[in-house]
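Asker: Dropping in input-v5.cif, with mmCIF, N, CA and C atoms.
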```cif
data_target
loop_
_atom_site.label_atom_id
_atom_site.label_comp_id
_atom_site.auth_asym_id
_atom_site.auth_seq_id
_atom_site.Cartn_x
_atom_site.Cartn_y
_atom_site.Cartn_z
N MET A 32 2.27 -24.81 -8.28
CA MET A 32 1.73 -23.56 -7.77
C MET A 32 1.87 -22.51 -8.86
N LYS A 33 0.74 -21.88 -9.20
CA LYS A 33 0.75 -20.89 -10.27
C LYS A 33 0.86 -19.46 -9.78
N ASN A 34 0.29 -19.19 -8.62
CA ASN A 34 0.28 -17.82 -8.11
C ASN A 34 0.68 -17.79 -6.65
N LEU A 35 1.25 -16.68 -6.28
CA LEU A 35 1.56 -16.39 -4.88
C LEU A 35 1.04 -14.99 -4.62
N LYS A 36 0.15 -14.86 -3.64
CA LYS A 36 -0.39 -13.55 -3.30
C LYS A 36 -0.04 -13.21 -1.87
N ILE A 37 0.40 -12.00 -1.68
CA ILE A 37 0.63 -11.46 -0.35
C ILE A 37 -0.46 -10.43 -0.10
N LEU A 38 -1.17 -10.58 1.00
CA LEU A 38 -2.29 -9.70 1.33
C LEU A 38 -2.04 -9.00 2.65
N ILE A 39 -2.34 -7.74 2.68
CA ILE A 39 -2.39 -6.97 3.92
C ILE A 39 -3.80 -6.38 3.95
N ASN A 40 -4.58 -6.79 4.91
CA ASN A 40 -5.98 -6.38 4.95
C ASN A 40 -6.28 -5.44 6.11
N ARG A 41 -7.07 -4.43 5.81
CA ARG A 41 -7.64 -3.52 6.80
C ARG A 41 -6.58 -2.85 7.67
N MET A 42 -5.49 -2.41 7.06
CA MET A 42 -4.47 -1.67 7.80
C MET A 42 -5.05 -0.32 8.21
N PRO A 43 -5.14 -0.06 9.51
CA PRO A 43 -5.70 1.22 9.95
C PRO A 43 -4.69 2.35 9.78
N LEU A 44 -5.16 3.45 9.23
CA LEU A 44 -4.34 4.64 9.05
C LEU A 44 -5.15 5.84 9.50
N SER A 45 -4.47 6.94 9.69
CA SER A 45 -5.13 8.18 10.09
C SER A 45 -4.52 9.30 9.25
N ALA A 46 -5.38 10.10 8.60
CA ALA A 46 -4.85 11.13 7.70
C ALA A 46 -5.72 12.38 7.70
N LEU A 47 -5.07 13.49 7.41
CA LEU A 47 -5.79 14.73 7.13
C LEU A 47 -6.19 14.66 5.67
N ILE A 48 -7.48 14.44 5.42
CA ILE A 48 -7.92 14.23 4.05
C ILE A 48 -9.33 14.76 3.87
N GLY A 49 -9.55 15.42 2.73
CA GLY A 49 -10.89 15.87 2.40
C GLY A 49 -10.91 17.19 1.67
N VAL A 50 -12.06 17.49 1.09
CA VAL A 50 -12.26 18.75 0.37
C VAL A 50 -13.39 19.58 0.97
N ASN A 51 -14.21 18.95 1.78
CA ASN A 51 -15.33 19.66 2.39
C ASN A 51 -14.88 20.45 3.62
N PRO A 52 -15.56 21.53 3.94
CA PRO A 52 -15.18 22.34 5.10
C PRO A 52 -15.09 21.49 6.38
N GLY A 53 -13.99 21.66 7.10
CA GLY A 53 -13.78 20.97 8.36
C GLY A 53 -13.19 19.58 8.25
N GLU A 54 -13.14 19.01 7.05
CA GLU A 54 -12.64 17.63 6.92
C GLU A 54 -11.17 17.49 7.30
N THR A 55 -10.39 18.52 7.11
CA THR A 55 -8.96 18.41 7.42
C THR A 55 -8.61 19.08 8.74
N ASP A 56 -9.63 19.40 9.55
CA ASP A 56 -9.35 19.97 10.87
C ASP A 56 -8.71 18.95 11.80
N GLN A 57 -9.08 17.69 11.63
CA GLN A 57 -8.47 16.63 12.41
C GLN A 57 -8.35 15.38 11.54
N ALA A 58 -7.42 14.52 11.92
CA ALA A 58 -7.17 13.31 11.15
C ALA A 58 -8.41 12.42 11.13
N GLN A 59 -8.62 11.76 9.99
CA GLN A 59 -9.74 10.84 9.82
C GLN A 59 -9.21 9.42 9.65
N PRO A 60 -9.98 8.43 10.12
CA PRO A 60 -9.53 7.05 9.94
C PRO A 60 -9.69 6.59 8.49
N LEU A 61 -8.72 5.83 8.04
CA LEU A 61 -8.74 5.20 6.73
C LEU A 61 -8.42 3.72 6.93
N GLU A 62 -8.77 2.90 5.96
CA GLU A 62 -8.36 1.50 5.96
C GLU A 62 -7.74 1.18 4.61
N LEU A 63 -6.61 0.48 4.66
CA LEU A 63 -5.87 0.14 3.46
C LEU A 63 -5.83 -1.37 3.28
N ASP A 64 -6.12 -1.82 2.07
CA ASP A 64 -5.97 -3.22 1.68
C ASP A 64 -4.95 -3.28 0.55
N ILE A 65 -4.03 -4.21 0.66
CA ILE A 65 -2.99 -4.38 -0.36
C ILE A 65 -2.98 -5.84 -0.79
N GLU A 66 -2.92 -6.06 -2.09
CA GLU A 66 -2.75 -7.40 -2.64
C GLU A 66 -1.60 -7.34 -3.64
N ILE A 67 -0.64 -8.22 -3.46
CA ILE A 67 0.53 -8.28 -4.34
C ILE A 67 0.61 -9.69 -4.90
N GLU A 68 0.53 -9.82 -6.21
CA GLU A 68 0.63 -11.13 -6.85
C GLU A 68 2.03 -11.29 -7.44
N LEU A 69 2.68 -12.37 -7.04
CA LEU A 69 4.05 -12.65 -7.49
C LEU A 69 4.10 -13.98 -8.24
N ASP A 70 5.09 -14.12 -9.07
CA ASP A 70 5.38 -15.40 -9.71
C ASP A 70 6.12 -16.25 -8.68
N PRO A 71 5.56 -17.38 -8.27
CA PRO A 71 6.22 -18.19 -7.25
C PRO A 71 7.65 -18.58 -7.61
N SER A 72 7.92 -18.77 -8.90
CA SER A 72 9.28 -19.18 -9.29
C SER A 72 10.30 -18.07 -9.04
N SER A 73 9.84 -16.82 -8.91
CA SER A 73 10.77 -15.74 -8.61
C SER A 73 10.99 -15.57 -7.11
N VAL A 74 10.20 -16.27 -6.30
CA VAL A 74 10.28 -16.13 -4.84
C VAL A 74 10.95 -17.34 -4.21
N TYR A 75 10.59 -18.53 -4.70
CA TYR A 75 11.07 -19.76 -4.09
C TYR A 75 12.31 -20.29 -4.79
N SER A 76 13.15 -20.92 -4.00
CA SER A 76 14.28 -21.66 -4.56
C SER A 76 14.23 -23.06 -3.96
N LEU A 77 14.75 -24.02 -4.68
CA LEU A 77 14.79 -25.38 -4.18
C LEU A 77 16.12 -25.62 -3.50
N GLY A 78 16.04 -26.10 -2.28
CA GLY A 78 17.24 -26.43 -1.52
C GLY A 78 17.11 -27.83 -0.98
N SER A 79 18.03 -28.21 -0.11
CA SER A 79 18.00 -29.56 0.45
C SER A 79 16.76 -29.79 1.30
N GLY A 80 16.18 -28.73 1.84
CA GLY A 80 14.98 -28.86 2.66
C GLY A 80 13.70 -28.68 1.88
N GLY A 81 13.78 -28.62 0.56
CA GLY A 81 12.59 -28.40 -0.26
C GLY A 81 12.50 -26.96 -0.72
N ARG A 82 11.29 -26.55 -0.99
CA ARG A 82 11.04 -25.20 -1.51
C ARG A 82 11.15 -24.19 -0.38
N ARG A 83 11.93 -23.13 -0.59
CA ARG A 83 12.13 -22.09 0.43
C ARG A 83 12.07 -20.71 -0.20
N ALA A 84 11.40 -19.81 0.50
CA ALA A 84 11.36 -18.40 0.08
C ALA A 84 12.40 -17.65 0.89
N SER A 85 12.89 -16.56 0.34
CA SER A 85 13.81 -15.71 1.10
C SER A 85 13.30 -14.27 1.01
N LEU A 86 13.54 -13.52 2.07
CA LEU A 86 13.00 -12.17 2.16
C LEU A 86 13.46 -11.28 1.01
N ASP A 87 14.69 -11.47 0.54
CA ASP A 87 15.18 -10.61 -0.55
C ASP A 87 14.51 -10.93 -1.89
N ARG A 88 13.74 -12.01 -1.96
CA ARG A 88 13.05 -12.36 -3.20
C ARG A 88 11.54 -12.16 -3.11
N THR A 89 11.07 -11.69 -1.96
CA THR A 89 9.64 -11.47 -1.79
C THR A 89 9.42 -10.04 -1.31
N VAL A 90 8.37 -9.79 -0.56
CA VAL A 90 8.04 -8.44 -0.10
C VAL A 90 8.23 -8.36 1.42
N ASP A 91 9.00 -7.40 1.86
CA ASP A 91 9.16 -7.16 3.30
C ASP A 91 7.98 -6.32 3.75
N TYR A 92 6.91 -6.98 4.19
CA TYR A 92 5.69 -6.23 4.49
C TYR A 92 5.80 -5.40 5.76
N ALA A 93 6.72 -5.73 6.66
CA ALA A 93 6.94 -4.86 7.82
C ALA A 93 7.53 -3.52 7.37
N LYS A 94 8.49 -3.59 6.46
CA LYS A 94 9.08 -2.36 5.93
C LYS A 94 8.06 -1.58 5.10
N LEU A 95 7.30 -2.30 4.28
CA LEU A 95 6.28 -1.66 3.44
C LEU A 95 5.25 -0.92 4.29
N THR A 96 4.71 -1.57 5.31
CA THR A 96 3.69 -0.92 6.13
C THR A 96 4.27 0.25 6.91
N GLY A 97 5.53 0.17 7.29
CA GLY A 97 6.18 1.30 7.97
C GLY A 97 6.29 2.52 7.06
N VAL A 98 6.70 2.29 5.81
CA VAL A 98 6.82 3.39 4.85
C VAL A 98 5.44 3.99 4.55
N VAL A 99 4.45 3.13 4.38
CA VAL A 99 3.08 3.61 4.13
C VAL A 99 2.60 4.48 5.28
N ARG A 100 2.76 3.99 6.50
CA ARG A 100 2.28 4.74 7.68
C ARG A 100 2.99 6.09 7.78
N ARG A 101 4.30 6.11 7.60
CA ARG A 101 5.03 7.38 7.70
C ARG A 101 4.59 8.36 6.60
N TYR A 102 4.31 7.85 5.42
CA TYR A 102 3.87 8.72 4.32
C TYR A 102 2.49 9.30 4.60
N VAL A 103 1.55 8.45 4.97
CA VAL A 103 0.16 8.88 5.16
C VAL A 103 0.01 9.75 6.40
N GLU A 104 0.69 9.39 7.47
CA GLU A 104 0.46 10.05 8.74
C GLU A 104 1.47 11.15 9.05
N ALA A 105 2.25 11.57 8.06
CA ALA A 105 3.20 12.67 8.27
C ALA A 105 2.43 13.90 8.75
N GLU A 106 2.99 14.54 9.74
CA GLU A 106 2.28 15.62 10.44
C GLU A 106 1.80 16.75 9.53
N ALA A 107 2.59 17.17 8.59
CA ALA A 107 2.24 18.34 7.78
C ALA A 107 1.53 17.96 6.47
N ARG A 108 1.33 16.67 6.22
CA ARG A 108 0.79 16.25 4.93
C ARG A 108 -0.74 16.27 4.95
N VAL A 109 -1.33 16.93 3.97
CA VAL A 109 -2.79 17.01 3.82
C VAL A 109 -3.13 16.50 2.42
N PHE A 110 -4.12 15.63 2.34
CA PHE A 110 -4.58 15.07 1.07
C PHE A 110 -5.98 15.59 0.79
N GLU A 111 -6.28 15.86 -0.47
CA GLU A 111 -7.64 16.26 -0.82
C GLU A 111 -8.51 15.05 -1.15
N LEU A 112 -8.06 14.24 -2.09
CA LEU A 112 -8.89 13.15 -2.59
C LEU A 112 -8.33 11.78 -2.25
N LEU A 113 -9.22 10.87 -1.94
CA LEU A 113 -8.85 9.48 -1.69
C LEU A 113 -8.16 8.90 -2.93
N GLU A 114 -8.60 9.33 -4.11
CA GLU A 114 -8.02 8.84 -5.36
C GLU A 114 -6.54 9.19 -5.47
N ASP A 115 -6.18 10.41 -5.08
CA ASP A 115 -4.77 10.83 -5.16
C ASP A 115 -3.91 10.07 -4.17
N LEU A 116 -4.39 9.94 -2.94
CA LEU A 116 -3.64 9.18 -1.94
C LEU A 116 -3.52 7.72 -2.36
N GLY A 117 -4.59 7.16 -2.91
CA GLY A 117 -4.53 5.78 -3.40
C GLY A 117 -3.48 5.60 -4.48
N ALA A 118 -3.37 6.55 -5.39
CA ALA A 118 -2.36 6.48 -6.46
C ALA A 118 -0.95 6.55 -5.87
N ASP A 119 -0.75 7.42 -4.87
CA ASP A 119 0.55 7.50 -4.21
C ASP A 119 0.89 6.16 -3.54
N LEU A 120 -0.09 5.57 -2.87
CA LEU A 120 0.14 4.29 -2.19
C LEU A 120 0.41 3.17 -3.19
N PHE A 121 -0.24 3.21 -4.35
CA PHE A 121 0.03 2.23 -5.39
C PHE A 121 1.51 2.30 -5.81
N THR A 122 2.02 3.51 -5.94
CA THR A 122 3.43 3.68 -6.32
C THR A 122 4.35 3.19 -5.21
N ILE A 123 4.02 3.46 -3.95
CA ILE A 123 4.83 2.98 -2.83
C ILE A 123 4.86 1.45 -2.83
N VAL A 124 3.71 0.81 -3.01
CA VAL A 124 3.66 -0.65 -3.06
C VAL A 124 4.45 -1.16 -4.26
N SER A 125 4.40 -0.46 -5.37
CA SER A 125 5.17 -0.85 -6.56
C SER A 125 6.66 -0.88 -6.26
N HIS A 126 7.14 0.08 -5.49
CA HIS A 126 8.56 0.10 -5.12
C HIS A 126 8.91 -1.06 -4.19
N ALA A 127 7.95 -1.49 -3.39
CA ALA A 127 8.19 -2.62 -2.49
C ALA A 127 8.17 -3.94 -3.23
N ALA A 128 7.47 -3.98 -4.36
CA ALA A 128 7.30 -5.22 -5.10
C ALA A 128 7.45 -4.99 -6.60
N PRO A 129 8.63 -4.53 -7.05
CA PRO A 129 8.80 -4.20 -8.47
C PRO A 129 8.67 -5.41 -9.40
N ARG A 130 8.84 -6.63 -8.85
CA ARG A 130 8.72 -7.83 -9.68
C ARG A 130 7.32 -8.43 -9.65
N ALA A 131 6.39 -7.73 -9.02
CA ALA A 131 5.02 -8.25 -8.93
C ALA A 131 4.39 -8.36 -10.31
N ARG A 132 3.54 -9.33 -10.47
CA ARG A 132 2.75 -9.45 -11.70
C ARG A 132 1.64 -8.40 -11.68
N ARG A 133 1.05 -8.25 -10.50
CA ARG A 133 -0.10 -7.36 -10.36
C ARG A 133 -0.15 -6.86 -8.93
N ILE A 134 -0.59 -5.63 -8.78
CA ILE A 134 -0.77 -5.02 -7.47
C ILE A 134 -2.19 -4.47 -7.41
N CYS A 135 -2.80 -4.60 -6.25
CA CYS A 135 -4.12 -4.01 -6.03
C CYS A 135 -4.07 -3.27 -4.69
N VAL A 136 -4.48 -2.02 -4.71
CA VAL A 136 -4.53 -1.20 -3.51
C VAL A 136 -5.96 -0.69 -3.35
N GLY A 137 -6.55 -0.98 -2.20
CA GLY A 137 -7.88 -0.48 -1.87
C GLY A 137 -7.78 0.45 -0.67
N LEU A 138 -8.36 1.61 -0.77
CA LEU A 138 -8.29 2.60 0.30
C LEU A 138 -9.70 3.09 0.59
N SER A 139 -10.11 2.96 1.85
CA SER A 139 -11.47 3.38 2.21
C SER A 139 -11.45 4.41 3.34
N LYS A 140 -12.53 5.15 3.39
CA LYS A 140 -12.72 6.22 4.38
C LYS A 140 -14.02 5.89 5.13
N PRO A 141 -13.93 5.02 6.15
CA PRO A 141 -15.12 4.44 6.76
C PRO A 141 -16.13 5.42 7.34
N GLN A 142 -15.71 6.55 7.83
CA GLN A 142 -16.64 7.47 8.49
C GLN A 142 -17.10 8.63 7.61
N ALA A 143 -16.69 8.66 6.37
CA ALA A 143 -16.96 9.81 5.50
C ALA A 143 -18.44 10.07 5.26
N LEU A 144 -19.24 9.02 5.18
CA LEU A 144 -20.65 9.19 4.84
C LEU A 144 -21.57 9.00 6.04
N GLY A 145 -21.00 8.99 7.23
CA GLY A 145 -21.81 8.90 8.43
C GLY A 145 -22.71 7.67 8.50
N GLY A 146 -22.22 6.54 8.07
CA GLY A 146 -22.99 5.30 8.14
C GLY A 146 -23.81 4.99 6.91
N ALA A 147 -23.79 5.85 5.91
CA ALA A 147 -24.58 5.64 4.70
C ALA A 147 -23.82 4.84 3.64
N GLY A 148 -22.72 4.24 4.02
CA GLY A 148 -21.88 3.50 3.09
C GLY A 148 -20.43 3.85 3.37
N ILE A 149 -19.54 3.12 2.74
CA ILE A 149 -18.11 3.37 2.93
C ILE A 149 -17.48 3.63 1.57
N PRO A 150 -17.03 4.87 1.32
CA PRO A 150 -16.37 5.14 0.04
C PRO A 150 -15.00 4.47 -0.01
N MET A 151 -14.69 3.94 -1.19
CA MET A 151 -13.42 3.23 -1.37
C MET A 151 -12.93 3.43 -2.79
N VAL A 152 -11.62 3.56 -2.94
CA VAL A 152 -11.01 3.54 -4.27
C VAL A 152 -10.21 2.26 -4.38
N LEU A 153 -10.17 1.71 -5.57
CA LEU A 153 -9.46 0.48 -5.84
C LEU A 153 -8.60 0.71 -7.07
N LEU A 154 -7.29 0.54 -6.91
CA LEU A 154 -6.36 0.73 -8.02
C LEU A 154 -5.63 -0.59 -8.23
N GLU A 155 -5.57 -1.05 -9.47
CA GLU A 155 -4.86 -2.29 -9.72
C GLU A 155 -4.19 -2.28 -11.08
N GLY A 156 -3.11 -3.05 -11.15
CA GLY A 156 -2.37 -3.17 -12.39
C GLY A 156 -0.95 -3.63 -12.13
N ALA A 157 -0.13 -3.54 -13.17
CA ALA A 157 1.29 -3.87 -13.04
C ALA A 157 1.97 -2.79 -12.20
N PRO A 158 3.10 -3.11 -11.57
CA PRO A 158 3.80 -2.10 -10.77
C PRO A 158 4.09 -0.84 -11.58
N ASP A 159 3.93 0.30 -10.93
CA ASP A 159 4.19 1.61 -11.51
C ASP A 159 5.19 2.30 -10.60
N LEU A 160 6.44 2.37 -11.03
CA LEU A 160 7.49 2.88 -10.15
C LEU A 160 7.50 4.39 -10.03
N GLY A 161 6.85 5.10 -10.93
CA GLY A 161 6.74 6.56 -10.79
C GLY A 161 8.07 7.19 -10.41
N PRO A 162 8.04 8.19 -9.52
CA PRO A 162 9.28 8.83 -9.07
C PRO A 162 10.18 7.81 -8.39
N GLY A 163 11.48 7.92 -8.59
CA GLY A 163 12.42 6.95 -8.04
C GLY A 163 12.93 7.26 -6.66
N SER A 164 12.52 8.36 -6.09
CA SER A 164 13.03 8.71 -4.77
C SER A 164 11.95 9.42 -3.99
N GLY A 165 12.34 10.08 -2.94
CA GLY A 165 11.39 10.81 -2.13
C GLY A 165 10.48 9.88 -1.36
N PRO A 166 9.22 10.24 -1.21
CA PRO A 166 8.33 9.45 -0.35
C PRO A 166 8.01 8.07 -0.91
N PHE A 167 8.34 7.83 -2.19
CA PHE A 167 7.98 6.56 -2.79
C PHE A 167 9.08 5.50 -2.66
N ALA A 168 10.25 5.88 -2.21
CA ALA A 168 11.34 4.92 -2.08
C ALA A 168 11.06 3.99 -0.91
N ILE A 169 11.15 2.69 -1.15
CA ILE A 169 10.86 1.72 -0.10
C ILE A 169 12.07 1.51 0.80
N ASP A 170 13.26 1.83 0.32
CA ASP A 170 14.46 1.64 1.13
C ASP A 170 14.63 2.79 2.10
N ASP A 171 13.59 3.08 2.84
CA ASP A 171 13.58 4.14 3.84
C ASP A 171 14.40 3.69 5.04
N PRO A 172 15.38 4.46 5.50
CA PRO A 172 16.26 4.02 6.57
C PRO A 172 15.58 3.91 7.94
N GLU A 173 14.41 4.51 8.12
CA GLU A 173 13.76 4.47 9.43
C GLU A 173 13.14 3.13 9.71
#
```
Could you express the structure from this file as C-alpha coordinates?

Answerer:
Amino acid sequence: MKNLKILINRMPLSALIGVNPGETDQAQPLELDIEIELDPSSVYSLGSGGRRASLDRTVDYAKLTGVVRRYVEAEARVFELLEDLGADLFTIVSHAAPRARRICVGLSKPQALGGAGIPMVLLEGAPDLGPGSGPFAIDDPE
(Lines of atoms letter the chains of each structure in order from A and count residues from 1; the text may use other names and numbers.)
(Lines give C-alpha, C1' and ligand atoms only; values in the text may rest on other atoms or scores of the structure.)
Protein backbone atom coordinates (compact mmCIF):
# COMPACT_ATOMS: atom_id res chain seq x y z
CA MET A 1 0.00 0.00 0.00
CA LYS A 2 1.52 3.29 -1.11
CA ASN A 3 -1.06 5.84 -0.02
CA LEU A 4 -3.71 6.26 2.62
CA LYS A 5 -6.31 8.97 2.10
CA ILE A 6 -8.89 10.14 4.57
CA LEU A 7 -11.80 11.96 2.95
CA ILE A 8 -14.59 14.02 4.43
CA ASN A 9 -17.01 14.99 1.69
CA ARG A 10 -19.74 17.61 1.54
CA MET A 11 -19.67 18.60 5.21
CA PRO A 12 -22.52 21.11 5.55
CA LEU A 13 -21.65 24.35 7.31
CA SER A 14 -23.40 27.65 7.83
CA ALA A 15 -21.53 30.96 7.98
CA LEU A 16 -21.90 34.71 7.81
CA ILE A 17 -19.85 35.29 4.69
CA GLY A 18 -19.74 37.74 1.83
CA VAL A 19 -18.83 41.20 0.59
CA ASN A 20 -22.00 42.16 -1.26
CA PRO A 21 -24.78 44.10 0.48
CA GLY A 22 -27.01 41.81 2.55
CA GLU A 23 -24.78 38.73 2.26
CA THR A 24 -23.91 38.73 5.95
CA ASP A 25 -27.42 39.52 7.19
CA GLN A 26 -28.01 35.81 7.70
CA ALA A 27 -25.88 32.69 7.62
CA GLN A 28 -25.34 31.07 4.22
CA PRO A 29 -24.83 27.37 3.52
CA LEU A 30 -21.33 26.17 2.66
CA GLU A 31 -19.96 22.73 1.83
CA LEU A 32 -16.52 21.55 2.87
CA ASP A 33 -14.47 18.74 1.33
CA ILE A 34 -11.29 17.57 3.03
CA GLU A 35 -8.69 15.13 1.71
CA ILE A 36 -5.74 14.11 3.86
CA GLU A 37 -3.02 11.91 2.38
CA LEU A 38 -0.89 10.00 4.87
CA ASP A 39 2.04 7.63 4.62
CA PRO A 40 0.52 4.26 5.56
CA SER A 41 3.71 3.23 7.37
CA SER A 42 3.19 6.12 9.80
CA VAL A 43 -0.38 4.98 10.58
CA TYR A 44 -0.25 1.19 10.66
CA SER A 45 1.70 -1.08 12.93
CA LEU A 46 2.08 -4.82 12.61
CA GLY A 47 0.76 -6.85 15.49
CA SER A 48 -0.29 -10.43 16.11
CA GLY A 49 -3.58 -9.72 14.32
CA GLY A 50 -1.92 -8.21 11.24
CA ARG A 51 -1.83 -4.59 10.20
CA ARG A 52 -3.62 -2.24 12.62
CA ALA A 53 -4.12 1.51 12.71
CA SER A 54 -4.48 3.44 15.94
CA LEU A 55 -6.25 6.74 16.46
CA ASP A 56 -3.16 8.46 17.86
CA ARG A 57 -1.33 7.75 14.58
CA THR A 58 -4.07 8.88 12.21
CA VAL A 59 -6.66 11.69 12.10
CA ASP A 60 -9.49 11.96 14.61
CA TYR A 61 -12.06 13.19 12.12
CA ALA A 62 -14.80 13.55 14.75
CA LYS A 63 -12.59 15.99 16.64
CA LEU A 64 -11.52 17.70 13.41
CA THR A 65 -15.08 18.27 12.19
CA GLY A 66 -16.10 19.56 15.62
CA VAL A 67 -13.31 22.15 15.63
CA VAL A 68 -14.14 23.16 12.05
CA ARG A 69 -17.83 23.59 12.85
CA ARG A 70 -17.15 25.65 15.99
CA TYR A 71 -14.73 27.89 14.09
CA VAL A 72 -16.95 28.50 11.07
CA GLU A 73 -20.26 28.77 12.88
CA ALA A 74 -19.14 30.91 15.83
CA GLU A 75 -21.88 33.42 16.49
CA ALA A 76 -19.86 36.62 16.18
CA ARG A 77 -17.54 35.50 13.37
CA VAL A 78 -18.03 37.10 9.93
CA PHE A 79 -15.95 36.18 6.88
CA GLU A 80 -15.59 38.28 3.74
CA LEU A 81 -14.03 35.91 1.22
CA LEU A 82 -14.32 32.18 0.67
CA GLU A 83 -10.56 32.24 -0.01
CA ASP A 84 -9.76 33.54 3.48
CA LEU A 85 -12.02 31.04 5.23
CA GLY A 86 -10.56 28.26 3.07
CA ALA A 87 -7.03 29.23 4.15
CA ASP A 88 -8.08 29.20 7.81
CA LEU A 89 -9.63 25.75 7.36
CA PHE A 90 -6.46 24.50 5.63
CA THR A 91 -4.50 25.51 8.74
CA ILE A 92 -7.03 23.81 11.05
CA VAL A 93 -6.77 20.58 9.02
CA SER A 94 -2.97 20.91 9.12
CA HIS A 95 -3.09 20.91 12.92
CA ALA A 96 -5.25 17.78 12.83
CA ALA A 97 -2.84 16.02 10.47
CA PRO A 98 0.66 17.49 10.90
CA ARG A 99 2.25 14.29 9.52
CA ALA A 100 0.17 14.37 6.33
CA ARG A 101 1.98 14.24 3.02
CA ARG A 102 -0.64 16.44 1.42
CA ILE A 103 -3.86 18.15 2.40
CA CYS A 104 -6.62 19.38 0.12
CA VAL A 105 -9.48 21.59 1.32
CA GLY A 106 -12.37 22.50 -0.96
CA LEU A 107 -14.94 25.03 0.19
CA SER A 108 -18.03 25.91 -1.83
CA LYS A 109 -20.89 28.37 -1.50
CA PRO A 110 -23.74 26.54 -3.28
CA GLN A 111 -26.34 29.33 -3.31
CA ALA A 112 -24.07 32.30 -4.06
CA LEU A 113 -24.82 32.50 -7.79
CA GLY A 114 -28.50 31.62 -7.66
CA GLY A 115 -28.19 28.44 -9.71
CA ALA A 116 -25.72 29.81 -12.27
CA GLY A 117 -22.90 27.65 -10.91
CA ILE A 118 -21.27 26.90 -7.59
CA PRO A 119 -18.21 28.94 -6.58
CA MET A 120 -15.51 26.91 -4.89
CA VAL A 121 -11.98 27.44 -3.64
CA LEU A 122 -9.51 24.58 -3.53
CA LEU A 123 -6.35 24.76 -1.43
CA GLU A 124 -3.79 21.98 -1.41
CA GLY A 125 -0.27 21.31 -0.31
CA ALA A 126 1.84 20.14 2.60
CA PRO A 127 0.51 20.90 6.09
CA ASP A 128 0.81 24.55 7.11
CA LEU A 129 0.68 24.89 10.87
CA GLY A 130 0.46 28.68 10.88
CA PRO A 131 -0.44 30.04 14.33
CA GLY A 132 0.11 27.46 17.07
CA SER A 133 -2.88 28.30 19.20
CA GLY A 134 -6.22 30.02 19.15
CA PRO A 135 -8.83 28.85 16.67
CA PHE A 136 -6.35 26.68 14.79
CA ALA A 137 -5.45 24.37 17.67
CA ILE A 138 -6.99 20.94 17.15
CA ASP A 139 -6.70 19.96 20.81
CA ASP A 140 -9.86 21.91 21.57
CA PRO A 141 -11.28 20.71 24.92
CA GLU A 142 -14.92 20.94 23.77

Asker: If we count only C-alpha atoms and set the cut-off at 10 Å, which residues sit around segment 88-102 of chain A, ignoring sequence neighbours fewer than 6 positions away in its own chain? Please answer as a PyMOL selection string.

Answerer: chain A and resi 35+37-39+42-46+63+65+67+69-76+108+116+119-120+123-124+126-131+166-173

Asker: Using DSSP on the backbone coordinates, identify all residues within segment 35-165 of chain A classified as strand (DSSP E); present the result as a ChimeraX atom specification.

Answerer: /A:35-48,59-69,75-78,81-84,109-110,133-139,151-156

Asker: Residues picked by the PyMOL selection byres ((chain A and resi 133) around 5) here, as a ChimeraX atom specification?

Answerer: /A:67-68,131-132,134-135,156-157

Asker: Counting only N, CA and C atoms, which residues have an atom no more than 5 Å from (-14.4, 4.8, -1.1) in the file's coordinates? Please list them as a ChimeraX atom specification.

Answerer: /A:139-140,149-152

Asker: Do a neighbour search on Asp56 of chain A at 7 Å with all atoms listed in the file, toss out local chain neighbours closer than 4 positions, and write the hits as a list in words.

Answerer: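 Contacts, with the query itself left out: Leu47, Ile48 and Pro52 of chain A.
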
Asker: Please identify the alpha helix (DSSP H) residues within segment 39-88 of chain A (assignment by DSSP from backbone atoms) and present them as a list in words.

Answerer: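 Assigned to alpha helix (DSSP H), within segment 39-88 of chain A: Pro71, Ser72, Ser73 and Val74 of chain A.
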
Asker: When you count only N, CA and C atoms, which of these residues is closest to Leu61 of chain A: A:Leu160, A:Leu138, A:Leu144, A:Arg82?

Answerer: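 Closest residue, counting only N, CA and C atoms: A:Leu138.
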
Asker: How many Å lie between atom CA of Leu113 of chain A and atom CA of Glu54 of chain A, rounded to one decimal?

Answerer: 12.4 Å

Asker: Take atom N of Pro141 of chain A and atom C of Gln59 of chain A and report the distance between them in Å, one decimal.

Answerer: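 According to the coordinates, atom N of Pro141 of chain A and atom C of Gln59 of chain A are separated by 7.3 Å.
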
Asker: Grab the atom C of Ala118 of chain A to atom C of Gly137 of chain A distance for me, in Å with one decimal place.

Answerer: 10.5 Å

Asker: Closest to Phe110 of chain A among A:Ala143, A:Leu86, A:Leu153, A:Val50, using only C-alpha atoms?

Answerer: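 Result for the nearest residue to Phe110 of chain A: A:Val50.
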
Asker: Which of these residues is nearest to Thr122 of chain A, using all atoms listed in the file: A:Asp159, A:Ser85, A:Gly146, A:Pro60?

Answerer: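 Closest to Thr122 of chain A, using all atoms listed in the file: A:Asp159.
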